[in-house]
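*Asks:* This one is final-v3.txt, compact mmCIF, C-alpha atoms and all ligand atoms.
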# COMPACT_ATOMS: atom_id res chain seq x y z
CA MET Z 1 -48.25 -7.24 -57.72
CA ASN Z 2 -48.57 -10.76 -56.40
CA ALA Z 3 -45.96 -13.02 -58.00
CA ALA Z 4 -48.67 -15.63 -58.68
CA SER Z 5 -50.73 -13.20 -60.75
CA PRO Z 6 -49.99 -12.01 -64.27
CA PHE Z 7 -52.40 -9.13 -63.57
CA HIS Z 8 -50.67 -5.97 -62.48
CA TYR Z 9 -53.00 -4.72 -59.79
CA GLN Z 10 -52.98 -0.99 -59.34
CA VAL Z 11 -54.10 -0.24 -55.78
CA ILE Z 12 -55.91 3.05 -55.23
CA ARG Z 13 -56.77 3.48 -51.57
CA SER Z 14 -60.04 5.10 -50.62
CA GLN Z 15 -59.71 8.51 -48.98
CA THR Z 16 -63.13 8.17 -47.38
CA ILE Z 17 -63.06 4.85 -45.58
CA LYS Z 18 -65.54 4.26 -42.76
CA THR Z 19 -64.22 4.98 -39.27
CA SER Z 20 -63.64 1.99 -37.02
CA THR Z 21 -66.71 3.03 -34.98
CA GLU Z 22 -68.90 3.10 -38.11
CA ARG Z 23 -67.50 -0.21 -39.28
CA GLU Z 24 -67.96 -1.92 -35.92
CA ALA Z 25 -71.58 -0.74 -35.77
CA ILE Z 26 -72.20 -2.37 -39.17
CA LEU Z 27 -70.37 -5.57 -38.22
CA ALA Z 28 -72.44 -5.86 -35.05
CA SER Z 29 -75.62 -6.25 -37.10
CA PRO Z 30 -74.75 -6.70 -40.78
CA GLY Z 31 -77.91 -8.34 -42.17
CA PHE Z 32 -77.31 -9.83 -45.62
CA GLY Z 33 -75.87 -7.89 -48.57
CA LYS Z 34 -76.76 -4.47 -47.19
CA TYR Z 35 -73.35 -2.95 -46.48
CA PHE Z 36 -70.19 -2.98 -48.54
CA THR Z 37 -66.52 -2.71 -47.75
CA ASP Z 38 -64.38 0.33 -48.58
CA HIS Z 39 -62.85 -1.09 -51.76
CA MET Z 40 -63.68 -3.16 -54.84
CA VAL Z 41 -61.81 -4.90 -57.63
CA ALA Z 42 -62.24 -3.99 -61.30
CA VAL Z 43 -60.57 -5.70 -64.27
CA GLU Z 44 -61.26 -4.85 -67.92
CA TRP Z 45 -61.33 -7.15 -70.93
CA ASP Z 46 -61.60 -6.56 -74.64
CA LYS Z 47 -61.20 -8.72 -77.70
CA ASP Z 48 -57.93 -7.09 -78.77
CA HIS Z 49 -56.12 -6.79 -75.45
CA GLY Z 50 -57.57 -9.57 -73.31
CA TRP Z 51 -57.64 -8.92 -69.56
CA HIS Z 52 -56.01 -5.66 -68.47
CA ASP Z 53 -56.24 -2.70 -66.10
CA ALA Z 54 -56.67 -4.68 -62.88
CA GLN Z 55 -57.43 -2.35 -60.01
CA VAL Z 56 -58.28 -2.39 -56.37
CA ARG Z 57 -60.06 0.92 -55.99
CA PRO Z 58 -62.49 2.73 -53.71
CA TYR Z 59 -65.96 1.15 -53.66
CA GLY Z 60 -68.28 3.34 -55.69
CA PRO Z 61 -70.77 3.72 -58.52
CA LEU Z 62 -70.00 2.51 -62.02
CA GLN Z 63 -70.35 4.96 -64.84
CA LEU Z 64 -72.01 3.22 -67.80
CA ASP Z 65 -72.95 4.52 -71.22
CA PRO Z 66 -76.75 4.14 -71.60
CA ALA Z 67 -76.11 1.86 -74.59
CA THR Z 68 -74.02 -0.62 -72.57
CA SER Z 69 -74.98 -4.18 -73.62
CA VAL Z 70 -75.69 -5.48 -70.13
CA LEU Z 71 -78.42 -2.88 -69.64
CA HIS Z 72 -80.29 -4.11 -72.70
CA TYR Z 73 -79.61 -7.80 -73.05
CA GLY Z 74 -78.79 -8.85 -69.50
CA GLN Z 75 -75.36 -10.24 -70.40
CA GLU Z 76 -74.14 -10.70 -66.85
CA VAL Z 77 -72.85 -13.53 -64.68
CA PHE Z 78 -72.01 -13.63 -61.00
CA GLU Z 79 -70.82 -15.76 -58.13
CA GLY Z 80 -71.40 -15.96 -54.39
CA ILE Z 81 -68.60 -17.08 -52.06
CA LYS Z 82 -67.68 -16.27 -48.49
CA GLY Z 83 -64.63 -15.30 -46.46
CA TYR Z 84 -64.50 -16.77 -42.95
CA ARG Z 85 -62.53 -15.41 -40.00
CA HIS Z 86 -60.89 -18.18 -37.98
CA ALA Z 87 -60.17 -17.97 -34.26
CA ASP Z 88 -56.54 -16.86 -34.85
CA GLY Z 89 -57.73 -13.95 -37.02
CA SER Z 90 -56.72 -15.50 -40.36
CA ILE Z 91 -59.22 -15.27 -43.23
CA TRP Z 92 -60.13 -18.26 -45.37
CA THR Z 93 -62.46 -19.06 -48.19
CA PHE Z 94 -64.19 -22.26 -49.28
CA ARG Z 95 -63.49 -24.10 -52.56
CA PRO Z 96 -62.81 -20.91 -54.56
CA GLU Z 97 -61.53 -22.89 -57.55
CA ALA Z 98 -64.96 -24.48 -57.82
CA ASN Z 99 -66.62 -21.07 -57.90
CA GLY Z 100 -63.98 -19.82 -60.35
CA ALA Z 101 -64.63 -22.77 -62.66
CA ARG Z 102 -68.40 -22.25 -62.45
CA PHE Z 103 -67.88 -18.56 -63.19
CA GLN Z 104 -66.08 -19.64 -66.37
CA ARG Z 105 -68.90 -22.00 -67.36
CA SER Z 106 -71.48 -19.28 -66.71
CA ALA Z 107 -69.45 -16.78 -68.75
CA HIS Z 108 -69.13 -19.26 -71.61
CA ARG Z 109 -72.92 -19.77 -71.68
CA LEU Z 110 -73.52 -16.01 -71.79
CA ALA Z 111 -70.87 -15.43 -74.50
CA LEU Z 112 -68.67 -13.51 -72.07
CA PRO Z 113 -64.89 -14.01 -71.70
CA GLU Z 114 -63.61 -16.56 -69.19
CA LEU Z 115 -61.60 -15.13 -66.30
CA PRO Z 116 -58.70 -17.46 -65.42
CA VAL Z 117 -59.57 -19.34 -62.21
CA SER Z 118 -56.27 -18.28 -60.62
CA GLU Z 119 -57.24 -14.64 -61.22
CA PHE Z 120 -60.68 -15.19 -59.75
CA VAL Z 121 -59.00 -16.43 -56.56
CA GLU Z 122 -56.39 -13.67 -56.69
CA SER Z 123 -59.11 -11.02 -56.83
CA LEU Z 124 -60.54 -12.40 -53.56
CA ARG Z 125 -57.07 -12.15 -52.00
CA GLN Z 126 -56.52 -8.60 -53.22
CA LEU Z 127 -59.80 -7.31 -51.85
CA THR Z 128 -59.57 -9.18 -48.55
CA ALA Z 129 -56.04 -7.93 -47.95
CA ILE Z 130 -57.10 -4.29 -48.14
CA ASP Z 131 -60.49 -4.67 -46.40
CA VAL Z 132 -59.50 -7.33 -43.86
CA ASP Z 133 -61.04 -5.40 -40.96
CA TRP Z 134 -64.43 -5.83 -42.62
CA VAL Z 135 -64.49 -9.59 -42.08
CA PRO Z 136 -66.82 -10.10 -39.11
CA SER Z 137 -66.02 -12.54 -36.34
CA ALA Z 138 -69.37 -13.26 -34.66
CA ASP Z 139 -71.00 -16.65 -35.01
CA GLU Z 140 -72.71 -17.26 -38.39
CA THR Z 141 -71.15 -14.16 -39.94
CA SER Z 142 -68.80 -13.92 -42.90
CA LEU Z 143 -67.62 -11.59 -45.64
CA TYR Z 144 -69.89 -12.41 -48.59
CA PHE Z 145 -68.05 -11.87 -51.87
CA ARG Z 146 -69.97 -11.01 -54.98
CA PRO Z 147 -67.79 -11.43 -58.11
CA PHE Z 148 -69.62 -10.43 -61.30
CA MET Z 149 -68.99 -9.69 -64.94
CA ILE Z 150 -70.90 -7.55 -67.41
CA ALA Z 151 -70.77 -7.02 -71.17
CA SER Z 152 -69.61 -3.42 -71.20
CA ALA Z 153 -69.48 -2.36 -74.86
CA ALA Z 154 -71.74 0.58 -75.70
CA VAL Z 155 -73.45 -1.00 -78.67
CA LEU Z 156 -77.00 -2.13 -79.34
CA GLY Z 157 -76.06 -4.97 -81.68
CA VAL Z 158 -76.97 -8.32 -80.14
CA ARG Z 159 -73.69 -10.23 -80.12
CA SER Z 160 -71.10 -11.98 -77.99
CA ALA Z 161 -69.15 -9.63 -75.74
CA HIS Z 162 -66.37 -7.66 -77.40
CA LYS Z 163 -65.73 -5.79 -74.19
CA ALA Z 164 -66.38 -6.88 -70.62
CA SER Z 165 -65.71 -5.74 -67.07
CA TYR Z 166 -65.13 -7.97 -64.07
CA TYR Z 167 -65.88 -6.60 -60.62
CA LEU Z 168 -65.65 -7.92 -57.12
CA ILE Z 169 -67.47 -6.35 -54.20
CA ALA Z 170 -67.77 -7.66 -50.65
CA SER Z 171 -70.43 -7.39 -47.99
CA PRO Z 172 -70.09 -8.30 -44.31
CA SER Z 173 -73.06 -10.55 -43.73
CA GLY Z 174 -75.04 -12.53 -41.20
CA PRO Z 175 -77.62 -15.23 -42.01
CA TYR Z 176 -79.44 -14.92 -45.36
CA PHE Z 177 -82.87 -15.45 -43.84
CA SER Z 178 -83.95 -12.86 -41.32
CA LYS Z 179 -84.92 -15.55 -38.79
CA GLY Z 180 -81.41 -17.06 -38.88
CA VAL Z 181 -81.18 -20.84 -39.19
CA ALA Z 182 -84.84 -21.41 -38.29
CA PRO Z 183 -86.83 -23.73 -40.60
CA VAL Z 184 -88.45 -21.91 -43.53
CA SER Z 185 -91.69 -22.28 -45.46
CA ILE Z 186 -91.37 -22.48 -49.23
CA TRP Z 187 -93.89 -21.94 -51.99
CA LEU Z 188 -94.34 -24.18 -55.01
CA SER Z 189 -94.55 -22.20 -58.21
CA THR Z 190 -97.01 -23.96 -60.49
CA GLU Z 191 -97.35 -21.18 -63.02
CA TYR Z 192 -93.71 -20.29 -63.65
CA SER Z 193 -90.54 -22.21 -64.41
CA ARG Z 194 -87.11 -20.98 -63.47
CA ALA Z 195 -85.32 -22.36 -66.50
CA GLY Z 196 -85.97 -24.47 -69.55
CA ARG Z 197 -84.13 -27.19 -71.38
CA GLY Z 198 -81.18 -25.71 -73.26
CA GLY Z 199 -81.62 -22.42 -71.42
CA THR Z 200 -79.40 -20.77 -68.86
CA GLY Z 201 -80.54 -22.59 -65.70
CA ALA Z 202 -77.11 -24.10 -65.04
CA ALA Z 203 -75.41 -20.71 -65.40
CA LYS Z 204 -75.31 -18.22 -62.57
CA CYS Z 205 -76.60 -15.26 -64.53
CA GLY Z 206 -78.71 -12.33 -63.40
CA GLY Z 207 -81.52 -13.18 -65.84
CA ASN Z 208 -82.37 -16.39 -64.00
CA TYR Z 209 -82.90 -14.42 -60.81
CA ALA Z 210 -84.92 -11.73 -62.58
CA ALA Z 211 -87.21 -14.49 -63.86
CA SER Z 212 -87.64 -15.84 -60.33
CA LEU Z 213 -88.79 -12.57 -58.77
CA LEU Z 214 -92.45 -12.64 -59.73
CA PRO Z 215 -92.91 -16.15 -58.30
CA GLN Z 216 -90.80 -15.04 -55.32
CA GLN Z 217 -93.23 -12.18 -54.79
CA GLU Z 218 -96.06 -14.73 -54.88
CA ALA Z 219 -94.17 -16.77 -52.26
CA HIS Z 220 -93.88 -13.78 -49.95
CA ALA Z 221 -97.58 -13.08 -50.32
CA GLN Z 222 -98.16 -16.66 -49.13
CA GLY Z 223 -95.91 -16.15 -46.11
CA CYS Z 224 -93.06 -18.17 -47.64
CA SER Z 225 -89.45 -17.14 -47.95
CA GLN Z 226 -88.42 -19.03 -51.12
CA VAL Z 227 -89.93 -20.56 -54.25
CA LEU Z 228 -89.53 -24.15 -55.37
CA PHE Z 229 -89.49 -24.70 -59.11
CA LEU Z 230 -90.40 -27.87 -60.95
CA ASP Z 231 -89.03 -29.01 -64.30
CA ASP Z 232 -90.43 -27.01 -67.19
CA ILE Z 233 -91.52 -29.92 -69.39
CA GLU Z 234 -93.56 -32.24 -67.20
CA GLN Z 235 -93.99 -29.86 -64.26
CA LYS Z 236 -93.50 -32.84 -62.03
CA TYR Z 237 -89.86 -33.16 -60.96
CA LEU Z 238 -88.26 -31.04 -58.23
CA GLU Z 239 -85.56 -28.75 -59.59
CA GLU Z 240 -84.37 -26.16 -57.06
CA LEU Z 241 -85.34 -23.04 -55.17
CA GLY Z 242 -84.85 -19.51 -56.46
CA GLY Z 243 -81.42 -19.30 -54.82
CA MET Z 244 -80.65 -22.73 -53.36
CA ASN Z 245 -80.55 -26.44 -54.11
CA ILE Z 246 -82.82 -28.87 -52.28
CA CYS Z 247 -82.21 -32.20 -50.48
CA LEU Z 248 -84.58 -34.71 -48.87
CA VAL Z 249 -83.71 -37.20 -46.15
CA TYR Z 250 -85.43 -40.57 -46.02
CA LYS Z 251 -86.31 -42.41 -42.83
CA ASN Z 252 -83.77 -45.10 -43.76
CA GLY Z 253 -81.05 -42.41 -43.70
CA THR Z 254 -80.66 -41.96 -47.48
CA LEU Z 255 -79.98 -38.43 -48.72
CA VAL Z 256 -81.69 -37.72 -52.04
CA THR Z 257 -81.30 -34.64 -54.22
CA PRO Z 258 -82.42 -33.77 -57.74
CA GLU Z 259 -79.82 -34.82 -60.30
CA LEU Z 260 -78.07 -32.08 -62.26
CA SER Z 261 -80.57 -31.74 -65.06
CA GLY Z 262 -78.80 -29.07 -67.08
CA SER Z 263 -81.35 -26.55 -65.88
CA ILE Z 264 -80.37 -26.35 -62.20
CA LEU Z 265 -77.32 -24.72 -60.71
CA GLU Z 266 -74.48 -27.05 -59.79
CA GLY Z 267 -74.25 -25.88 -56.19
CA ILE Z 268 -70.92 -26.09 -54.43
CA THR Z 269 -72.66 -26.41 -51.07
CA ARG Z 270 -74.76 -29.26 -52.51
CA ASP Z 271 -71.66 -31.04 -53.76
CA SER Z 272 -69.86 -30.55 -50.43
CA ILE Z 273 -72.79 -31.86 -48.40
CA LEU Z 274 -73.09 -34.93 -50.61
CA GLN Z 275 -69.38 -35.56 -49.99
CA LEU Z 276 -69.68 -35.12 -46.21
CA ALA Z 277 -72.66 -37.46 -46.18
CA ARG Z 278 -70.77 -40.09 -48.23
CA ASP Z 279 -67.84 -39.74 -45.80
CA ARG Z 280 -70.22 -40.77 -43.03
CA GLY Z 281 -71.30 -43.83 -44.98
CA ILE Z 282 -74.70 -42.32 -45.76
CA GLN Z 283 -76.23 -43.44 -49.02
CA VAL Z 284 -76.46 -40.46 -51.37
CA VAL Z 285 -78.66 -40.56 -54.44
CA GLU Z 286 -78.84 -37.95 -57.19
CA ARG Z 287 -81.92 -38.65 -59.25
CA ARG Z 288 -85.20 -37.25 -60.42
CA ILE Z 289 -87.70 -36.75 -57.58
CA THR Z 290 -91.36 -36.11 -58.27
CA LEU Z 291 -93.45 -33.75 -56.22
CA ASP Z 292 -95.82 -36.69 -55.59
CA GLU Z 293 -92.95 -38.71 -54.13
CA TRP Z 294 -92.27 -35.92 -51.65
CA ARG Z 295 -95.97 -35.53 -50.79
CA GLU Z 296 -96.55 -39.23 -50.31
CA GLY Z 297 -93.22 -39.79 -48.54
CA ALA Z 298 -93.83 -36.95 -46.10
CA ALA Z 299 -97.37 -38.21 -45.41
CA SER Z 300 -96.24 -41.78 -44.77
CA GLY Z 301 -93.18 -40.73 -42.77
CA GLU Z 302 -90.80 -42.24 -45.35
CA ILE Z 303 -89.30 -38.79 -45.93
CA SER Z 304 -88.27 -37.33 -42.63
CA GLU Z 305 -86.33 -34.14 -43.43
CA ALA Z 306 -85.96 -31.53 -46.16
CA PHE Z 307 -83.43 -28.76 -46.45
CA ALA Z 308 -82.22 -26.04 -48.78
CA CYS Z 309 -78.53 -25.44 -49.37
CA GLY Z 310 -76.38 -22.73 -50.90
CA THR Z 311 -73.54 -20.38 -50.02
CA ALA Z 312 -75.80 -17.63 -48.69
CA ALA Z 313 -78.28 -19.97 -47.00
CA VAL Z 314 -75.65 -22.56 -45.91
CA ILE Z 315 -78.08 -25.35 -44.92
CA THR Z 316 -81.56 -24.14 -44.07
CA PRO Z 317 -84.18 -26.62 -42.82
CA ILE Z 318 -87.45 -26.63 -44.76
CA ALA Z 319 -90.46 -26.70 -42.44
CA GLU Z 320 -93.15 -26.88 -45.11
CA LEU Z 321 -93.82 -26.70 -48.81
CA LYS Z 322 -97.00 -24.85 -49.66
CA GLY Z 323 -98.77 -25.06 -52.99
CA PRO Z 324 -101.99 -23.58 -54.33
CA GLU Z 325 -104.03 -26.51 -53.05
CA PHE Z 326 -101.86 -28.50 -50.71
CA SER Z 327 -99.06 -28.37 -48.19
CA ILE Z 328 -96.34 -30.73 -47.05
CA GLY Z 329 -95.22 -30.36 -43.43
CA ALA Z 330 -96.24 -27.43 -41.25
CA PRO Z 331 -94.73 -24.03 -40.39
CA ASP Z 332 -93.60 -25.28 -36.98
CA THR Z 333 -91.85 -28.47 -38.19
CA PRO Z 334 -88.55 -28.58 -36.28
CA ALA Z 335 -85.19 -28.78 -38.04
CA GLY Z 336 -84.15 -32.33 -38.93
CA GLU Z 337 -81.36 -34.07 -37.06
CA LEU Z 338 -79.24 -34.96 -40.09
CA THR Z 339 -79.87 -31.51 -41.56
CA MET Z 340 -78.45 -29.82 -38.48
CA SER Z 341 -75.58 -32.21 -38.01
CA LEU Z 342 -74.43 -31.78 -41.63
CA ARG Z 343 -74.82 -28.03 -41.19
CA LYS Z 344 -72.63 -28.14 -38.11
CA GLU Z 345 -69.95 -30.21 -39.79
CA LEU Z 346 -69.84 -27.96 -42.85
CA THR Z 347 -69.69 -24.73 -40.85
CA ASP Z 348 -67.14 -26.22 -38.43
CA ILE Z 349 -64.87 -26.88 -41.43
CA GLN Z 350 -65.51 -23.41 -42.88
CA TYR Z 351 -64.78 -21.65 -39.59
CA GLY Z 352 -61.69 -23.78 -38.91
CA ARG Z 353 -63.15 -25.48 -35.84
CA ILE Z 354 -62.44 -29.02 -37.10
CA PRO Z 355 -59.96 -30.47 -39.59
CA ASP Z 356 -60.67 -29.98 -43.28
CA PRO Z 357 -60.31 -33.52 -44.68
CA HIS Z 358 -60.84 -32.55 -48.33
CA GLY Z 359 -58.52 -29.53 -48.48
CA TRP Z 360 -61.49 -27.25 -49.25
CA MET Z 361 -60.30 -24.25 -47.26
CA VAL Z 362 -57.99 -21.77 -48.98
CA PRO Z 363 -56.21 -19.03 -47.02
CA LEU Z 364 -56.77 -15.43 -48.10
CA VAL Z 365 -55.04 -13.42 -45.38
CA PRO Z 366 -52.74 -14.87 -42.67
CA ALA Z 367 -53.18 -14.17 -38.96
CA ARG Z 368 -51.61 -10.86 -37.94
N1 LIG Z 401 -79.18 -22.73 -56.90
C1 LIG Z 401 -79.32 -21.41 -57.10
C2 LIG Z 401 -80.35 -20.94 -58.04
C3 LIG Z 401 -78.48 -20.51 -56.42
O1 LIG Z 401 -78.61 -19.20 -56.60
C4 LIG Z 401 -77.51 -21.00 -55.53
C5 LIG Z 401 -76.63 -20.09 -54.80
O2 LIG Z 401 -75.57 -19.77 -55.20
C6 LIG Z 401 -77.40 -22.40 -55.38
C7 LIG Z 401 -78.26 -23.22 -56.07
C8 LIG Z 401 -76.36 -22.98 -54.49
O3 LIG Z 401 -75.07 -22.84 -55.03
P1 LIG Z 401 -73.81 -22.71 -54.10
O4 LIG Z 401 -73.92 -23.80 -53.11
O5 LIG Z 401 -72.65 -22.91 -55.01
O6 LIG Z 401 -73.83 -21.38 -53.48
C1 LIG Z 402 -75.53 -17.48 -52.97
O1 LIG Z 402 -75.94 -18.35 -52.22
O2 LIG Z 402 -74.38 -17.07 -52.93
C2 LIG Z 402 -76.39 -16.89 -54.00
O3 LIG Z 402 -75.90 -16.33 -54.92
C3 LIG Z 402 -77.85 -16.97 -53.86
C4 LIG Z 402 -78.54 -15.67 -53.69
C5 LIG Z 402 -79.96 -16.01 -53.38
C6 LIG Z 402 -77.98 -14.77 -52.63
For this file, produce the structure as structure tokens.

*Replies:*
Amino acid sequence: MNAASPFHYQVIRSQTIKTSTEREAILASPGFGKYFTDHMVAVEWDKDHGWHDAQVRPYGPLQLDPATSVLHYGQEVFEGIKGYRHADGSIWTFRPEANGARFQRSAHRLALPELPVSEFVESLRQLTAIDVDWVPSADETSLYFRPFMIASAAVLGVRSAHKASYYLIASPSGPYFSKGVAPVSIWLSTEYSRAGRGGTGAAKCGGNYAASLLPQQEAHAQGCSQVLFLDDIEQKYLEELGGMNICLVYKNGTLVTPELSGSILEGITRDSILQLARDRGIQVVERRITLDEWREGAASGEISEAFACGTAAVITPIAELKGPEFSIGAPDTPAGELTMSLRKELTDIQYGRIPDPHGWMVPLVPAR
């Protein structure tokens, strides 16, 4: 047990871990979220006993009663956070307390128990310690952690969770988009909204992503890799993409991003980029942005860059926005200068290549 953790982790080592040859073959070309490490974390919770039975155990299928709440009512929340290998071999993560706090807010919204933030961070440490060889070292690669929690009582009554399970799995990963950091085309969903006022848009819950898949399918059919959603009431203000926040850069250097409306996810990448931009003396504005403003600004040259940001996507330049009857930009629009320089600064901090002025990096495993 780690002295910092009140959880007594039982560690059960896998008897069937991948060989180093198998692992190295995966790490050489990991893709995104396709392969998983040898172990996982599981922690149980119930109303009477609180959090208990913390385990690091072999990665493997969950056995669930067919009546388990999550299977019927979608009571699930998750996070996305990465582990980065630095040049000396040490493994670090980025602002885990922010993800832990968001995980609590998501859990609260879905009537699930709140995992203490210190335990969220401890679970990352526990898993990384045992699966440290799974953290890739090539450029643009990381160990993508997927913490998640489900309502695990076998009962069909619709109610707040009386029983829940927290899990953490990890996947060695390369860039989220198959073309790497190349500019992407995105599709404007005019028929569907991602979230509504008072709904779960600000929570990171599986249901939001399920709701985005039909429009996402439409996007793919249009040759686009992500969907942009507008606000659900006026269908006029930019909200966010299916799995990323969005930022626009004005010719005068101002960085503008949709304000946190209550229906978009409070991205940690978004927040970090806004901070790095402010540090450079760039004017940062969080406000409502209409689709018309983007269309007109792009046409007049007032808006010079657009990018998507999130843990998986890091910062991805947006080449064009396509809608049913219009488009902004073109598929071959090159990546913007500020976009790429903020991307470089952020990833240089994450990979330990430059100092970390805000104390964002947290060590998980020291250099051997
Ligand atoms: N918005 C949505 C819908 C997301 O899924 C994500 C990814 O996690 C983000 C925004 C960006 O959040 P973060 O930067 O914390 O990863
Ligand atoms: C992340 O960026 O971590 C997410 O959860 C988004 C998802 C599209 C992979």

*Asks:* May I ask you to write as a ChimeraX atom specification all residues lying at most 7 Å from ligand LIG 402 (chain Z), with all atoms listed in the file counted?

*Replies:* /Z:79-81,242-244,310-313

*Asks:* Taking into account only C-alpha atoms, which residue in the set Z:Gly352, Z:Gly50, Z:Pro116, Z:Pro331 is nearest to Z:Tyr84?

*Replies:*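 The answer is Z:Gly352, which sits nearest to Z:Tyr84.
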
*Asks:* Any chance you could work out the axis-aligned box around ligand LIG 401 (chain Z), listed atoms only, 4 Å on each side, giving centre and edge lengths in Å to one decimal, as JSON?

*Replies:*
{"center_x": -76.5, "center_y": -21.5, "center_z": -55.6, "size_x": 15.7, "size_y": 12.6, "size_z": 12.9}

*Asks:* Please provide the set of residues having any atom within 6 Å of Z:Phe307, restricted to all atoms listed in the file, with same-chain residues fewer than 2 positions apart removed, written as a PyMOL selection string.

*Replies:* chain Z and resi 246-247+316-318

*Asks:* What does the distance from atom CA of Z:Met149 to atom N1 of ligand LIG 401 (chain Z) come to in Å, to one decimal?

*Replies:*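 Here the two named atoms are 18.4 Å from each other.
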
*Asks:* Sort by chain and increasing residue number a table of all residues of chain Z within 10 Å of ligand LIG 401 (chain Z), each with its closest pair of atoms and their distance in Å to one decimal, counting all atoms listed in the file, and write it as a Markdown table.

*Replies:*
| residue | atom | partner | partner_atom | distance |
| --- | --- | --- | --- | --- |
| Z:Phe78 | CA | Z:LIG401 | O2 | 9.2 |
| Z:Glu79 | CA | Z:LIG401 | O2 | 6.9 |
| Z:Gly80 | CA | Z:LIG401 | O2 | 5.7 |
| Z:Ile81 | CA | Z:LIG401 | O6 | 6.9 |
| Z:Lys82 | CA | Z:LIG401 | O6 | 9.4 |
| Z:Arg95 | CA | Z:LIG401 | O5 | 9.6 |
| Z:Ala98 | CA | Z:LIG401 | O5 | 8.3 |
| Z:Asn99 | CA | Z:LIG401 | O5 | 6.9 |
| Z:Arg102 | CA | Z:LIG401 | O5 | 8.6 |
| Z:Arg194 | CA | Z:LIG401 | C2 | 8.7 |
| Z:Ala195 | CA | Z:LIG401 | C2 | 9.9 |
| Z:Gly201 | CA | Z:LIG401 | C2 | 7.8 |
| Z:Ala202 | CA | Z:LIG401 | C2 | 8.3 |
| Z:Ala203 | CA | Z:LIG401 | C2 | 8.9 |
| Z:Lys204 | CA | Z:LIG401 | O1 | 6.9 |
| Z:Cys205 | CA | Z:LIG401 | O1 | 9.1 |
| Z:Gly206 | CA | Z:LIG401 | O1 | 9.7 |
| Z:Asn208 | CA | Z:LIG401 | C2 | 7.8 |
| Z:Tyr209 | CA | Z:LIG401 | C2 | 7.5 |
| Z:Ser212 | CA | Z:LIG401 | C2 | 9.2 |
| Z:Phe229 | CA | Z:LIG401 | C2 | 9.9 |
| Z:Glu239 | CA | Z:LIG401 | N1 | 9.2 |
| Z:Glu240 | CA | Z:LIG401 | N1 | 6.2 |
| Z:Leu241 | CA | Z:LIG401 | C2 | 6.1 |
| Z:Gly242 | CA | Z:LIG401 | C2 | 5.0 |
| Z:Gly243 | CA | Z:LIG401 | O1 | 3.3 |
| Z:Met244 | CA | Z:LIG401 | C7 | 3.6 |
| Z:Asn245 | CA | Z:LIG401 | C7 | 4.4 |
| Z:Ile246 | CA | Z:LIG401 | C7 | 8.2 |
| Z:Ser263 | CA | Z:LIG401 | C2 | 9.7 |
| Z:Ile264 | CA | Z:LIG401 | N1 | 6.5 |
| Z:Leu265 | CA | Z:LIG401 | N1 | 4.7 |
| Z:Glu266 | CA | Z:LIG401 | O3 | 6.4 |
| Z:Gly267 | CA | Z:LIG401 | O3 | 3.4 |
| Z:Ile268 | CA | Z:LIG401 | O5 | 3.7 |
| Z:Thr269 | CA | Z:LIG401 | O4 | 3.5 |
| Z:Arg270 | CA | Z:LIG401 | O4 | 5.6 |
| Z:Asp271 | CA | Z:LIG401 | O4 | 7.6 |
| Z:Ser272 | CA | Z:LIG401 | O4 | 8.3 |
| Z:Ile273 | CA | Z:LIG401 | O4 | 9.4 |
| Z:Ala308 | CA | Z:LIG401 | C8 | 8.7 |
| Z:Cys309 | CA | Z:LIG401 | C8 | 6.1 |
| Z:Gly310 | CA | Z:LIG401 | O4 | 3.5 |
| Z:Thr311 | CA | Z:LIG401 | O6 | 3.6 |
| Z:Ala312 | CA | Z:LIG401 | O6 | 6.4 |
| Z:Ala313 | CA | Z:LIG401 | C5 | 8.0 |
| Z:Val314 | CA | Z:LIG401 | O4 | 7.5 |
| Z:Ile315 | CA | Z:LIG401 | O4 | 9.3 |

*Asks:* Interatomic distance between atom CA of Z:Met361 and atom CA of Z:Gln126?

*Replies:*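 Rounded to one decimal, the two atoms are 17.2 Å apart.
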
*Asks:* Pick out the closest residue to Z:Ser171 from this set: Z:Ala67, Z:Leu27, Z:Leu188, Z:Ile233. Count all atoms listed in the file.

*Replies:*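 Among the listed residues, Z:Leu27 lies closest to Z:Ser171.
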
*Asks:* Provide the atom CA of Z:Val77 to atom CA of Z:Glu122 distance in Å, to one decimal place.

*Replies:*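 Result for atom CA of Z:Val77 versus atom CA of Z:Glu122: 18.3 Å, one decimal.
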
*Asks:* Pick out the closest residue to Z:Leu260 from this set: Z:Ile150, Z:Leu238, Z:Leu248, Z:Val132. Count all atoms listed in the file.

*Replies:*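 For Z:Leu260, the nearest of the candidates is Z:Leu238.
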
*Asks:* Hey, which of Z:Met40, Z:Ala164, Z:Ala28, Z:Ala182 ends up closest to Z:Leu115? Count only C-alpha atoms.

*Replies:*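 Of the candidates, the smallest distance to Z:Leu115 is held by Z:Ala164.
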
*Asks:* So that I can see what lies close to Z:Pro258, please list as a PyMOL selection string the residues with an atom at most 6 Å from it, counting all atoms listed in the file and leaving out residues fewer than 6 positions away in the same chain.

*Replies:* chain Z and resi 286-288

*Asks:* Give as a PyMOL selection string every residue, naming chains and numbers as the document does, that has an atom within 12 Å of (-56.4, -13.2, -58.2), counting all atoms listed in the file.

*Replies:* chain Z and resi 1-9+41-43+54-56+96-97+100+115-129+147+166-168+364

*Asks:* Return the single residue from Z:Lys322, Z:His72, Z:His162, Z:Lys179 that is closest to Z:Ala221, with distances computed using all atoms listed in the file.

*Replies:*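 For Z:Ala221, the nearest of the given residues is Z:Lys322.
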
*Asks:* Could you check which of Z:Trp187, Z:Tyr176, Z:Trp360, Z:Tyr351 is closest to Z:Ser137, using all atoms listed in the file?

*Replies:* Z:Tyr351
